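Report on the structure given below.
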Amino acid sequence: MDRVRTRFAPSPTGRMHVGNLRSALYEFLIAKHAKGDFVLRIEDTDQERLVEGAVDIIYRTLQEAGLVHDEGPDKDGGYGPYVQSERMSTGIYMKYAKELIDKGEAYYCFCDKERLNSLKTEVVEGKEIMLYDKHCLHLSKEEIEANLAAGKPFVIRQNIPKEGTTTFHDELYGDITVENAELDDMILIKSDGYPTYNFANVVDDHTMNITHVVRGNEYLSSAPKYQRLYDAFGWESPVYIHLPLITDENHKKLSKRSGHSSFEDLIEQGFLSEAVVNYIALLGWSPEDNREIFTLDELIAEFDYRRISKSPAVFDYTKLKWMNGEYIKAMEFDRFYELAEPYLRKVVTKDLDLRKIAAMVKSRIEVFPDIEEHIDFFETLPEYDVSMYTHKKMKTTEESSLEVLRDVLPMLEAQDDFCNDALYALLSDYVAKKGVKNGYVMWPVRTAVSGKQMTPGGATELMEVLGKEESVARIKRGIELLSR
Ligand code: GLU
């Protein structure tokens, strides 16, 4: 068997869409699973769509996602150049286009815009498509040569017969056969001399020895035309894997409007790159045992492209958040703290022990920005309603709470050691003496020091972080509110 070689072939047009990252990930996994090569090729032949800085985004995204390429513009593996515009300068596309012309599989076309605009159009899959009428196929050799000599602008088109059928094979969809009459004589070389993506991908995949091609199923309708090119050259086509569409929760194509369609969007929203990669791996693929949490190495070991599903994959933001939360829970504390610190500092400007606060929230958040809502009360006691002191299960009322806070206040004022254990012992002692349940005391104390129904820690943990002065002040504030 040939050495497995896959390629990720992005066009530098902006942020990396989740769908593109999925193609990259699957290509990476197929290569690494087979101990083969993962190649990065930049497809910049559509000069009008290029966006400045987009190549850097591609490098950065691959690096952050851990999808390290073995070959690419920055890592020569002997198949370069790895940027299509640079490949063009070597003359490779023109050479192969001319070979097709010699074989009768392609032809020069000198039709101008006006003539093309006058041709019939057809609606194919919702898009208006012009089926070229092969006018220039019938030019004589002399006419062609005269046009070329006169410097008349031209394109080179693929010559697809009107009769017969073309069959290609996709790993997920099986054999697909189409009527040739439905295929247009697509442009291989544009009038600016650049190859079209449609032509360049075939030449490049072959000359770079690519064995598996993973791409979105929007390319499925062009695949027969690629197959005809492989056949015309007498080349073996790579294994094709066309991936199902990624939709949003409303089953519409995941678009920029969703606000989370690119890798960078997700990172900005506080997701961990490893959780994003793990989640994206499951967008269309599942292991035999329905397991869900995988490191990249585990994915490499498990990934079998035959288990990719054909049905559309729904991007479930809630599920991604859950998964991110699992990664945060499992993360080493030091790394967590490093990532959480900017979010903690955003809210807490006072001199409080941020590591302790971080430890409290670690198991409670799904994404880092969640931290803010959990800890805002540390900075300032929020306005709260006294009805919060009444808790059925804890058997507390406003009266019982007032009594407890009045008892606890002098105890805290007399207490010097404000560490959690000491405070817990102090309050437990009071609980025992009073002969009540823990919550009867802890609930009102926690309410008074936080002003919140839900907090990332218990009453004494919060007081430890807040310190004596602030805790006492907040208990006093509680007494004041309850005595009104
Ligand atoms: N340059 C194409 C894109 O970014 C690549 C498609 C392919 O993988 O063949 O959509």
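How things are named: the first chain in the structure tokens is A, the next is B, and so on; residues count from 1 in each chain; ligands count from 1 in the order shown.
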Per residue of chain A within 7 Å of ligand 1, record the nearest atom pair and its distance in Å to one decimal, counting only C-alpha atoms and all ligand atoms, with rows in chain order and ascending residue number, as a tab-separated table.
```
residue	atom	partner	partner_atom_place_in_ligand_line	distance
A:Phe8	CA	ligand 1	8 (O)	6.2
A:Ala9	CA	ligand 1	5 (C)	4.8
A:Pro10	CA	ligand 1	4 (O)	3.8
A:Ser11	CA	ligand 1	4 (O)	4.3
A:Glu43	CA	ligand 1	1 (N)	5.1
A:Tyr197	CA	ligand 1	1 (N)	6.8
A:Asn201	CA	ligand 1	9 (O)	6.2
A:Val213	CA	ligand 1	8 (O)	6.9
A:Val214	CA	ligand 1	8 (O)	6.2
A:Arg215	CA	ligand 1	8 (O)	4.7
```
Residue set, region 100-325 of chain A restricted to strand (DSSP E or B), as a ChimeraX atom specification: /A:106-109,121-124,127-130,155-158,165-170,174-179,187-189,195,212-216,239-243,246-247,253,262,285,308,313-314
Atoms kept (N, CA and C atoms) for selection, written as a CSV table (one decimal), in the first residue's frame:
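Full text of again28.csv as output:
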```csv
chain,number,residue,atom,x,y,z
A,106,ALA,N,-9.5,18.8,-23.5
A,106,ALA,CA,-9.6,20.2,-23.2
A,106,ALA,C,-9.4,21.1,-24.4
A,107,TYR,N,-9.9,22.3,-24.4
A,107,TYR,CA,-9.7,23.2,-25.6
A,107,TYR,C,-9.6,24.7,-25.2
A,108,TYR,N,-9.0,25.4,-26.1
A,108,TYR,CA,-9.0,26.9,-25.9
A,108,TYR,C,-10.3,27.4,-26.1
A,109,CYS,N,-10.7,28.4,-25.4
A,109,CYS,CA,-12.0,29.1,-25.6
A,109,CYS,C,-11.7,30.6,-25.6
A,121,THR,N,-28.9,29.8,-19.6
A,121,THR,CA,-28.5,29.3,-18.3
A,121,THR,C,-29.5,28.3,-17.8
A,122,GLU,N,-29.0,27.5,-16.9
A,122,GLU,CA,-29.9,26.5,-16.3
A,122,GLU,C,-29.8,26.6,-14.8
A,123,VAL,N,-30.9,26.3,-14.1
A,123,VAL,CA,-30.8,26.3,-12.6
A,123,VAL,C,-30.4,24.9,-12.1
A,124,VAL,N,-29.2,24.7,-11.6
A,124,VAL,CA,-28.8,23.4,-11.0
A,124,VAL,C,-28.6,23.6,-9.5
A,127,LYS,N,-28.6,27.1,-8.1
A,127,LYS,CA,-27.7,28.1,-8.7
A,127,LYS,C,-27.9,28.2,-10.2
A,128,GLU,N,-27.8,29.4,-10.7
A,128,GLU,CA,-27.9,29.6,-12.1
A,128,GLU,C,-26.5,29.2,-12.8
A,129,ILE,N,-26.6,28.3,-13.6
A,129,ILE,CA,-25.3,27.8,-14.2
A,129,ILE,C,-25.4,27.9,-15.8
A,130,MET,N,-24.3,28.3,-16.3
A,130,MET,CA,-24.3,28.5,-17.8
A,130,MET,C,-23.6,27.2,-18.3
A,155,VAL,N,-9.4,31.2,-22.2
A,155,VAL,CA,-9.5,30.3,-21.1
A,155,VAL,C,-9.3,28.9,-21.7
A,156,ILE,N,-9.0,28.0,-20.8
A,156,ILE,CA,-8.9,26.6,-21.3
A,156,ILE,C,-10.0,25.8,-20.6
A,157,ARG,N,-10.9,25.1,-21.4
A,157,ARG,CA,-12.0,24.4,-20.8
A,157,ARG,C,-11.8,22.9,-20.9
A,158,GLN,N,-12.4,22.2,-20.0
A,158,GLN,CA,-12.5,20.8,-20.0
A,158,GLN,C,-13.5,20.4,-21.1
A,165,THR,N,-22.0,8.6,-19.5
A,165,THR,CA,-22.1,8.9,-18.0
A,165,THR,C,-20.7,8.8,-17.5
A,166,THR,N,-20.5,9.4,-16.3
A,166,THR,CA,-19.3,9.4,-15.5
A,166,THR,C,-19.5,8.8,-14.1
A,167,THR,N,-18.7,7.9,-13.7
A,167,THR,CA,-18.9,7.3,-12.3
A,167,THR,C,-17.6,7.6,-11.5
A,168,PHE,N,-17.9,8.0,-10.3
A,168,PHE,CA,-16.8,8.1,-9.3
A,168,PHE,C,-17.2,7.4,-8.0
A,169,HIS,N,-16.2,7.2,-7.2
A,169,HIS,CA,-16.5,6.5,-5.9
A,169,HIS,C,-16.2,7.4,-4.7
A,170,ASP,N,-17.1,7.5,-3.8
A,170,ASP,CA,-16.9,8.2,-2.5
A,170,ASP,C,-17.0,7.1,-1.4
A,174,GLY,N,-20.6,5.8,-1.7
A,174,GLY,CA,-20.4,4.7,-2.7
A,174,GLY,C,-20.2,5.2,-4.1
A,175,ASP,N,-20.6,4.4,-5.1
A,175,ASP,CA,-20.4,4.8,-6.5
A,175,ASP,C,-21.5,5.8,-6.9
A,176,ILE,N,-21.1,6.8,-7.5
A,176,ILE,CA,-22.1,7.8,-8.0
A,176,ILE,C,-21.9,8.0,-9.5
A,177,THR,N,-23.0,7.9,-10.2
A,177,THR,CA,-23.0,8.0,-11.7
A,177,THR,C,-23.8,9.1,-12.1
A,178,VAL,N,-23.3,10.0,-13.0
A,178,VAL,CA,-24.0,11.1,-13.5
A,178,VAL,C,-24.0,11.1,-15.0
A,179,GLU,N,-25.0,11.7,-15.6
A,179,GLU,CA,-25.1,11.9,-17.0
A,179,GLU,C,-24.1,13.0,-17.4
A,187,ILE,N,-14.0,25.7,-16.7
A,187,ILE,CA,-12.7,26.3,-17.0
A,187,ILE,C,-11.6,25.7,-16.1
A,188,LEU,N,-10.5,25.4,-16.8
A,188,LEU,CA,-9.4,24.8,-16.1
A,188,LEU,C,-8.3,25.9,-15.9
A,189,ILE,N,-8.1,26.7,-16.9
A,189,ILE,CA,-7.1,27.8,-16.8
A,189,ILE,C,-7.9,29.1,-17.1
A,195,PRO,N,-4.9,28.8,-12.7
A,195,PRO,CA,-5.7,27.6,-12.8
A,195,PRO,C,-7.0,27.9,-11.9
A,212,HIS,N,-5.7,10.4,0.2
A,212,HIS,CA,-7.1,10.6,0.7
A,212,HIS,C,-7.5,12.1,0.7
A,213,VAL,N,-8.7,12.4,0.2
A,213,VAL,CA,-9.1,13.7,0.1
A,213,VAL,C,-10.4,13.8,0.9
A,214,VAL,N,-10.4,14.7,1.9
A,214,VAL,CA,-11.6,14.9,2.8
A,214,VAL,C,-12.1,16.3,2.5
A,215,ARG,N,-13.3,16.5,2.1
A,215,ARG,CA,-13.8,17.9,1.9
A,215,ARG,C,-15.3,17.9,2.1
A,216,GLY,N,-15.8,19.1,2.1
A,216,GLY,CA,-17.3,19.3,2.3
A,216,GLY,C,-18.1,18.7,1.2
A,239,VAL,N,-8.7,8.5,-2.6
A,239,VAL,CA,-9.9,8.1,-1.9
A,239,VAL,C,-10.7,9.4,-1.5
A,240,TYR,N,-11.9,9.5,-2.0
A,240,TYR,CA,-12.7,10.7,-1.7
A,240,TYR,C,-13.6,10.4,-0.5
A,241,ILE,N,-13.6,11.4,0.4
A,241,ILE,CA,-14.5,11.4,1.6
A,241,ILE,C,-15.2,12.7,1.6
A,242,HIS,N,-16.5,12.8,1.2
A,242,HIS,CA,-17.2,14.1,1.2
A,242,HIS,C,-18.0,14.1,2.5
A,243,LEU,N,-17.7,15.1,3.3
A,243,LEU,CA,-18.4,15.2,4.6
A,243,LEU,C,-19.7,15.9,4.6
A,246,ILE,N,-22.6,20.8,8.1
A,246,ILE,CA,-22.7,21.1,9.5
A,246,ILE,C,-23.9,22.2,9.6
A,247,THR,N,-24.9,21.9,10.4
A,247,THR,CA,-26.0,22.8,10.4
A,247,THR,C,-26.1,23.4,11.9
A,253,LYS,N,-27.6,25.8,7.4
A,253,LYS,CA,-26.1,25.7,7.3
A,253,LYS,C,-25.5,26.7,8.3
A,262,SER,N,-16.7,30.0,13.6
A,262,SER,CA,-15.2,29.8,13.3
A,262,SER,C,-14.5,29.5,14.6
A,285,TRP,N,-18.6,12.0,13.1
A,285,TRP,CA,-17.9,10.8,13.3
A,285,TRP,C,-18.2,10.3,14.7
A,308,ILE,N,-17.6,7.6,9.6
A,308,ILE,CA,-18.2,8.9,9.4
A,308,ILE,C,-19.6,8.8,8.9
A,313,ALA,N,-24.6,17.1,10.3
A,313,ALA,CA,-24.2,17.1,11.7
A,313,ALA,C,-24.7,18.4,12.3
A,314,VAL,N,-25.4,18.4,13.4
A,314,VAL,CA,-25.9,19.6,14.1
A,314,VAL,C,-24.9,20.1,15.1
```
Can you list, as an mmCIF file with C-alpha atoms, in the first residue's frame, every protein, DNA or RNA residue that comes within 10 Å of Glu52 (chain A) when you count only C-alpha atoms, leaving out same-chain residues fewer than 2 positions away?
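As written to disk, part-v3.cif reads:
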```
data_model
loop_
_atom_site.group_PDB
_atom_site.id
_atom_site.type_symbol
_atom_site.label_atom_id
_atom_site.label_comp_id
_atom_site.auth_asym_id
_atom_site.auth_seq_id
_atom_site.Cartn_x
_atom_site.Cartn_y
_atom_site.Cartn_z
ATOM 1 C CA PRO A 12 -6.900 32.118 2.758
ATOM 2 C CA THR A 13 -10.209 33.955 2.938
ATOM 3 C CA GLY A 14 -10.597 34.753 6.653
ATOM 4 C CA ARG A 49 -11.190 36.262 -2.558
ATOM 5 C CA LEU A 50 -7.864 36.571 -0.779
ATOM 6 C CA ALA A 54 -5.600 34.953 6.431
ATOM 7 C CA VAL A 55 -2.569 32.731 5.880
ATOM 8 C CA ASP A 56 -1.379 33.598 9.380
ATOM 9 C CA ILE A 57 -4.802 32.667 10.722
#
```
Near Val386 (chain A), within 12 Å and counting only C-alpha atoms, which residues show up once chain neighbours fewer than 3 positions away are dropped, as a ChimeraX atom specification? /A:383,389-391,396-399,401-402,444,447-448,451-453,477-484
Excluding Ser118 (chain A) and any residue of its chain fewer than 3 positions from it, enumerate the residues within 12 Å of it, using only C-alpha atoms, and give them as number ranges by chain. A: 111-115, 121, 130-133
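Minimum atom-to-atom distances from A:Phe110, A:Ala24, A:Gly72, A:Leu296 to Leu139 (chain A) were compared using only C-alpha atoms, and the lowest value belongs to A:Phe110.
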Neighbours of region 84-87 of chain A within 8 Å (only C-alpha atoms; same-chain residues fewer than 4 positions away dropped), as a PDB file with N, CA, C and O atoms, in the first residue's frame?
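Dumped everything to around_2.pdb:
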```pdb
ATOM      1  N   ARG A  41      -1.515  22.776   2.162  1.00  0.00           N
ATOM      2  CA  ARG A  41      -1.361  23.435   0.856  1.00  0.00           C
ATOM      3  C   ARG A  41      -2.255  24.670   0.847  1.00  0.00           C
ATOM      4  O   ARG A  41      -3.433  24.579   1.187  1.00  0.00           O
ATOM      5  N   ILE A  42      -1.705  25.781   0.488  1.00  0.00           N
ATOM      6  CA  ILE A  42      -2.491  27.017   0.476  1.00  0.00           C
ATOM      7  C   ILE A  42      -3.055  27.223  -0.934  1.00  0.00           C
ATOM      8  O   ILE A  42      -2.307  27.270  -1.905  1.00  0.00           O
ATOM      9  N   GLU A  43      -4.376  27.335  -1.004  1.00  0.00           N
ATOM     10  CA  GLU A  43      -5.028  27.465  -2.309  1.00  0.00           C
ATOM     11  C   GLU A  43      -5.438  28.917  -2.542  1.00  0.00           C
ATOM     12  O   GLU A  43      -6.510  29.349  -2.137  1.00  0.00           O
ATOM     13  N   ASP A  44      -4.556  29.626  -3.207  1.00  0.00           N
ATOM     14  CA  ASP A  44      -4.766  31.074  -3.364  1.00  0.00           C
ATOM     15  C   ASP A  44      -4.956  31.456  -4.825  1.00  0.00           C
ATOM     16  O   ASP A  44      -4.591  32.550  -5.234  1.00  0.00           O
ATOM     17  N   THR A  45      -5.516  30.552  -5.605  1.00  0.00           N
ATOM     18  CA  THR A  45      -5.634  30.887  -7.031  1.00  0.00           C
ATOM     19  C   THR A  45      -6.791  31.830  -7.307  1.00  0.00           C
ATOM     20  O   THR A  45      -6.839  32.466  -8.335  1.00  0.00           O
ATOM     21  N   GLY A  80       7.088  20.512  -2.902  1.00  0.00           N
ATOM     22  CA  GLY A  80       6.724  21.921  -3.022  1.00  0.00           C
ATOM     23  C   GLY A  80       6.708  22.409  -4.450  1.00  0.00           C
ATOM     24  O   GLY A  80       7.004  21.632  -5.362  1.00  0.00           O
ATOM     25  N   GLY A  91       4.854  26.719 -13.900  1.00  0.00           N
ATOM     26  CA  GLY A  91       4.280  26.338 -15.190  1.00  0.00           C
ATOM     27  C   GLY A  91       3.563  24.997 -15.178  1.00  0.00           C
ATOM     28  O   GLY A  91       3.114  24.498 -16.221  1.00  0.00           O
ATOM     29  N   ILE A  92       3.408  24.426 -14.014  1.00  0.00           N
ATOM     30  CA  ILE A  92       2.871  23.066 -13.909  1.00  0.00           C
ATOM     31  C   ILE A  92       1.429  22.943 -14.439  1.00  0.00           C
ATOM     32  O   ILE A  92       1.091  21.996 -15.144  1.00  0.00           O
ATOM     33  N   TYR A  93       0.607  23.947 -14.130  1.00  0.00           N
ATOM     34  CA  TYR A  93      -0.809  23.823 -14.518  1.00  0.00           C
ATOM     35  C   TYR A  93      -0.971  23.955 -16.031  1.00  0.00           C
ATOM     36  O   TYR A  93      -1.738  23.239 -16.659  1.00  0.00           O
ATOM     37  N   TYR A 194      -4.217  31.967 -14.193  1.00  0.00           N
ATOM     38  CA  TYR A 194      -4.313  31.129 -12.994  1.00  0.00           C
ATOM     39  C   TYR A 194      -5.171  29.903 -13.276  1.00  0.00           C
ATOM     40  O   TYR A 194      -6.137  29.982 -14.040  1.00  0.00           O
ATOM     41  N   ALA A 200      -6.643  22.895 -10.367  1.00  0.00           N
ATOM     42  CA  ALA A 200      -5.431  22.848  -9.540  1.00  0.00           C
ATOM     43  C   ALA A 200      -5.512  21.732  -8.506  1.00  0.00           C
ATOM     44  O   ALA A 200      -4.509  21.060  -8.229  1.00  0.00           O
TER      45      ALA A 200
END
```
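Comparing A:Lys134, A:Lys350, A:His260, A:Lys356 by their smallest distance to Cys419 (chain A), the closest is A:Lys356 (using only C-alpha atoms).
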Residue contacts of region 291-294 of chain A (12 Å, only C-alpha atoms) excluding same-chain residues fewer than 5 positions away, as a compact mmCIF listing (two decimals) with N, CA and C atoms, in the first residue's frame:
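Resulting contents of around_36.txt:
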```txt
# COMPACT_ATOMS: atom_id res chain seq x y z
N GLU A 274 -8.66 22.34 22.98
CA GLU A 274 -8.76 20.88 22.97
C GLU A 274 -10.22 20.41 23.06
N ALA A 275 -11.06 21.21 23.73
CA ALA A 275 -12.49 20.84 23.80
C ALA A 275 -13.14 21.06 22.44
N VAL A 276 -12.75 22.15 21.79
CA VAL A 276 -13.31 22.44 20.46
C VAL A 276 -12.93 21.32 19.49
N VAL A 277 -11.67 20.93 19.53
CA VAL A 277 -11.21 19.87 18.62
C VAL A 277 -11.94 18.56 18.92
N ASN A 278 -12.07 18.25 20.19
CA ASN A 278 -12.79 17.03 20.59
C ASN A 278 -14.23 17.08 20.07
N TYR A 279 -14.87 18.24 20.27
CA TYR A 279 -16.27 18.35 19.85
C TYR A 279 -16.40 18.23 18.33
N ILE A 280 -15.50 18.91 17.63
CA ILE A 280 -15.57 18.90 16.16
C ILE A 280 -15.32 17.49 15.60
N ALA A 281 -14.48 16.73 16.30
CA ALA A 281 -14.25 15.35 15.85
C ALA A 281 -15.56 14.57 15.81
N LEU A 282 -16.46 14.92 16.71
CA LEU A 282 -17.73 14.16 16.79
C LEU A 282 -18.82 14.72 15.87
N LEU A 283 -18.48 15.76 15.11
CA LEU A 283 -19.46 16.32 14.18
C LEU A 283 -19.47 15.47 12.90
N TRP A 285 -18.64 12.04 13.06
CA TRP A 285 -17.93 10.79 13.31
C TRP A 285 -18.24 10.32 14.73
N SER A 286 -18.32 9.01 14.91
CA SER A 286 -18.48 8.50 16.28
C SER A 286 -17.72 7.20 16.40
N LEU A 299 -7.84 10.26 19.76
CA LEU A 299 -8.56 10.33 18.48
C LEU A 299 -7.74 9.67 17.38
N ILE A 300 -6.44 9.94 17.40
CA ILE A 300 -5.57 9.35 16.37
C ILE A 300 -5.69 7.82 16.44
N ALA A 301 -5.67 7.30 17.65
CA ALA A 301 -5.72 5.85 17.81
C ALA A 301 -7.07 5.28 17.37
N GLU A 302 -8.15 6.02 17.65
CA GLU A 302 -9.51 5.49 17.43
C GLU A 302 -10.07 5.77 16.05
N PHE A 303 -9.55 6.82 15.38
CA PHE A 303 -10.26 7.33 14.21
C PHE A 303 -10.29 6.35 13.04
N LYS A 319 -24.03 21.50 23.97
CA LYS A 319 -23.22 20.30 24.17
C LYS A 319 -21.72 20.65 24.21
N LEU A 320 -21.34 21.57 23.32
CA LEU A 320 -19.94 22.00 23.31
C LEU A 320 -19.58 22.64 24.66
N TRP A 322 -20.96 22.01 27.54
CA TRP A 322 -20.85 20.91 28.51
C TRP A 322 -19.47 20.26 28.40
N MET A 323 -19.08 19.99 27.17
CA MET A 323 -17.79 19.31 26.96
C MET A 323 -16.64 20.17 27.47
N ASN A 324 -16.73 21.47 27.20
CA ASN A 324 -15.69 22.38 27.68
C ASN A 324 -15.61 22.34 29.21
N GLY A 325 -16.77 22.29 29.85
CA GLY A 325 -16.83 22.20 31.31
C GLY A 325 -16.12 20.95 31.81
N GLU A 326 -16.29 19.86 31.09
CA GLU A 326 -15.61 18.61 31.48
C GLU A 326 -14.10 18.77 31.39
N TYR A 327 -13.65 19.47 30.35
CA TYR A 327 -12.21 19.71 30.21
C TYR A 327 -11.69 20.59 31.33
N ALA A 330 -11.33 18.61 34.52
CA ALA A 330 -10.22 17.65 34.51
C ALA A 330 -8.84 18.33 34.46
```
Per DSSP on the backbone, what are the helix (DSSP H, G or I) residues of region 74-161 of chain A, as a CSV table (one decimal) with N, CA, C and O atoms, in the first residue's frame?
```csv
chain,number,residue,atom,x,y,z
A,84,GLN,N,-0.4,27.5,-4.1
A,84,GLN,CA,-0.7,27.4,-5.5
A,84,GLN,C,-0.2,28.5,-6.4
A,84,GLN,O,0.2,28.2,-7.5
A,85,SER,N,-0.2,29.7,-5.9
A,85,SER,CA,0.3,30.8,-6.8
A,85,SER,C,1.8,30.5,-7.1
A,85,SER,O,2.3,30.8,-8.2
A,86,GLU,N,2.5,30.0,-6.2
A,86,GLU,CA,4.0,29.7,-6.4
A,86,GLU,C,4.1,28.4,-7.4
A,86,GLU,O,5.0,28.4,-8.2
A,87,ARG,N,3.2,27.5,-7.2
A,87,ARG,CA,3.2,26.4,-8.1
A,87,ARG,C,2.9,26.8,-9.6
A,87,ARG,O,3.5,26.3,-10.5
A,88,MET,N,2.0,27.8,-9.7
A,88,MET,CA,1.7,28.3,-11.0
A,88,MET,C,3.0,28.8,-11.7
A,88,MET,O,3.2,28.6,-12.9
A,89,SER,N,3.8,29.5,-10.9
A,89,SER,CA,5.0,30.1,-11.6
A,89,SER,C,5.9,29.0,-12.1
A,89,SER,O,6.8,29.3,-13.0
A,92,ILE,N,3.4,24.4,-14.0
A,92,ILE,CA,2.9,23.1,-13.9
A,92,ILE,C,1.4,22.9,-14.4
A,92,ILE,O,1.1,22.0,-15.1
A,93,TYR,N,0.6,23.9,-14.1
A,93,TYR,CA,-0.8,23.8,-14.5
A,93,TYR,C,-1.0,24.0,-16.0
A,93,TYR,O,-1.7,23.2,-16.7
A,94,MET,N,-0.2,24.9,-16.6
A,94,MET,CA,-0.3,25.1,-18.0
A,94,MET,C,0.2,23.8,-18.8
A,94,MET,O,-0.4,23.4,-19.8
A,95,LYS,N,1.3,23.3,-18.2
A,95,LYS,CA,1.8,22.1,-18.9
A,95,LYS,C,0.8,21.0,-18.9
A,95,LYS,O,0.5,20.3,-20.0
A,96,TYR,N,0.1,20.8,-17.8
A,96,TYR,CA,-0.9,19.7,-17.8
A,96,TYR,C,-2.2,20.0,-18.6
A,96,TYR,O,-2.8,19.2,-19.2
A,97,ALA,N,-2.5,21.3,-18.6
A,97,ALA,CA,-3.7,21.7,-19.4
A,97,ALA,C,-3.4,21.5,-20.9
A,97,ALA,O,-4.2,21.0,-21.6
A,98,LYS,N,-2.2,21.8,-21.3
A,98,LYS,CA,-1.8,21.5,-22.7
A,98,LYS,C,-1.8,20.0,-23.0
A,98,LYS,O,-2.2,19.6,-24.1
A,99,GLU,N,-1.4,19.3,-22.0
A,99,GLU,CA,-1.4,17.8,-22.3
A,99,GLU,C,-2.9,17.4,-22.5
A,99,GLU,O,-3.1,16.5,-23.4
A,100,LEU,N,-3.8,18.0,-21.8
A,100,LEU,CA,-5.2,17.6,-22.0
A,100,LEU,C,-5.7,18.1,-23.4
A,100,LEU,O,-6.5,17.4,-24.0
A,101,ILE,N,-5.2,19.3,-23.8
A,101,ILE,CA,-5.6,19.8,-25.1
A,101,ILE,C,-5.1,18.8,-26.2
A,101,ILE,O,-5.9,18.4,-27.1
A,102,ASP,N,-3.9,18.3,-26.0
A,102,ASP,CA,-3.3,17.3,-27.0
A,102,ASP,C,-4.2,16.1,-27.0
A,102,ASP,O,-4.3,15.4,-28.0
A,113,LYS,N,-17.1,38.0,-23.0
A,113,LYS,CA,-18.1,38.1,-22.0
A,113,LYS,C,-19.5,38.2,-22.6
A,113,LYS,O,-20.4,37.6,-22.2
A,114,GLU,N,-19.6,39.1,-23.7
A,114,GLU,CA,-20.9,39.3,-24.3
A,114,GLU,C,-21.5,38.0,-24.9
A,114,GLU,O,-22.6,37.7,-24.7
A,115,ARG,N,-20.6,37.3,-25.5
A,115,ARG,CA,-21.1,36.0,-26.1
A,115,ARG,C,-21.5,35.1,-25.0
A,115,ARG,O,-22.6,34.5,-25.1
A,116,LEU,N,-20.7,35.0,-23.9
A,116,LEU,CA,-21.0,34.1,-22.8
A,116,LEU,C,-22.4,34.5,-22.2
A,116,LEU,O,-23.2,33.7,-21.8
A,117,ASN,N,-22.5,35.8,-22.0
A,117,ASN,CA,-23.8,36.3,-21.4
A,117,ASN,C,-25.0,36.0,-22.2
A,117,ASN,O,-26.1,35.9,-21.7
A,135,HIS,N,-18.8,26.2,-28.4
A,135,HIS,CA,-18.5,26.9,-29.7
A,135,HIS,C,-17.1,26.8,-30.1
A,135,HIS,O,-16.7,26.5,-31.2
A,136,CYS,N,-16.1,27.0,-29.2
A,136,CYS,CA,-14.7,27.1,-29.5
A,136,CYS,C,-14.1,25.7,-29.7
A,136,CYS,O,-12.9,25.6,-30.2
A,137,LEU,N,-14.8,24.7,-29.3
A,137,LEU,CA,-14.3,23.3,-29.6
A,137,LEU,C,-14.1,23.1,-31.1
A,137,LEU,O,-13.3,22.3,-31.5
A,138,HIS,N,-14.9,23.8,-31.8
A,138,HIS,CA,-14.9,23.6,-33.3
A,138,HIS,C,-14.0,24.5,-34.1
A,138,HIS,O,-14.1,24.5,-35.3
A,141,LYS,N,-7.4,24.5,-36.2
A,141,LYS,CA,-6.1,24.7,-35.7
A,141,LYS,C,-5.5,26.0,-36.1
A,141,LYS,O,-4.9,26.7,-35.3
A,142,GLU,N,-5.8,26.4,-37.3
A,142,GLU,CA,-5.3,27.7,-37.8
A,142,GLU,C,-5.9,28.9,-37.1
A,142,GLU,O,-5.3,29.8,-36.7
A,143,GLU,N,-7.2,28.8,-36.9
A,143,GLU,CA,-8.0,29.8,-36.2
A,143,GLU,C,-7.4,30.0,-34.8
A,143,GLU,O,-7.1,31.1,-34.3
A,144,ILE,N,-7.2,28.9,-34.1
A,144,ILE,CA,-6.6,28.9,-32.7
A,144,ILE,C,-5.3,29.6,-32.7
A,144,ILE,O,-5.0,30.5,-31.9
A,145,GLU,N,-4.4,29.1,-33.6
A,145,GLU,CA,-3.1,29.7,-33.7
A,145,GLU,C,-3.1,31.2,-34.0
A,145,GLU,O,-2.3,31.9,-33.3
A,146,ALA,N,-3.9,31.6,-34.9
A,146,ALA,CA,-4.0,33.0,-35.2
A,146,ALA,C,-4.5,33.8,-34.0
A,146,ALA,O,-3.9,34.9,-33.7
A,147,ASN,N,-5.5,33.3,-33.2
A,147,ASN,CA,-6.0,34.0,-32.0
A,147,ASN,C,-4.9,34.1,-31.0
A,147,ASN,O,-4.7,35.1,-30.4
A,148,LEU,N,-4.1,33.0,-30.8
A,148,LEU,CA,-3.1,33.0,-29.8
A,148,LEU,C,-2.0,34.0,-30.2
A,148,LEU,O,-1.5,34.8,-29.4
A,149,ALA,N,-1.6,34.0,-31.5
A,149,ALA,CA,-0.6,34.9,-32.0
A,149,ALA,C,-1.0,36.3,-31.8
A,149,ALA,O,-0.2,37.2,-31.6
```
For each of A:Leu67, A:Val404, A:Met331, A:Val348, take the minimum atom-to-atom distance to Ser363 (chain A), counting only C-alpha atoms, then give the residue where this is smallest. A:Met331
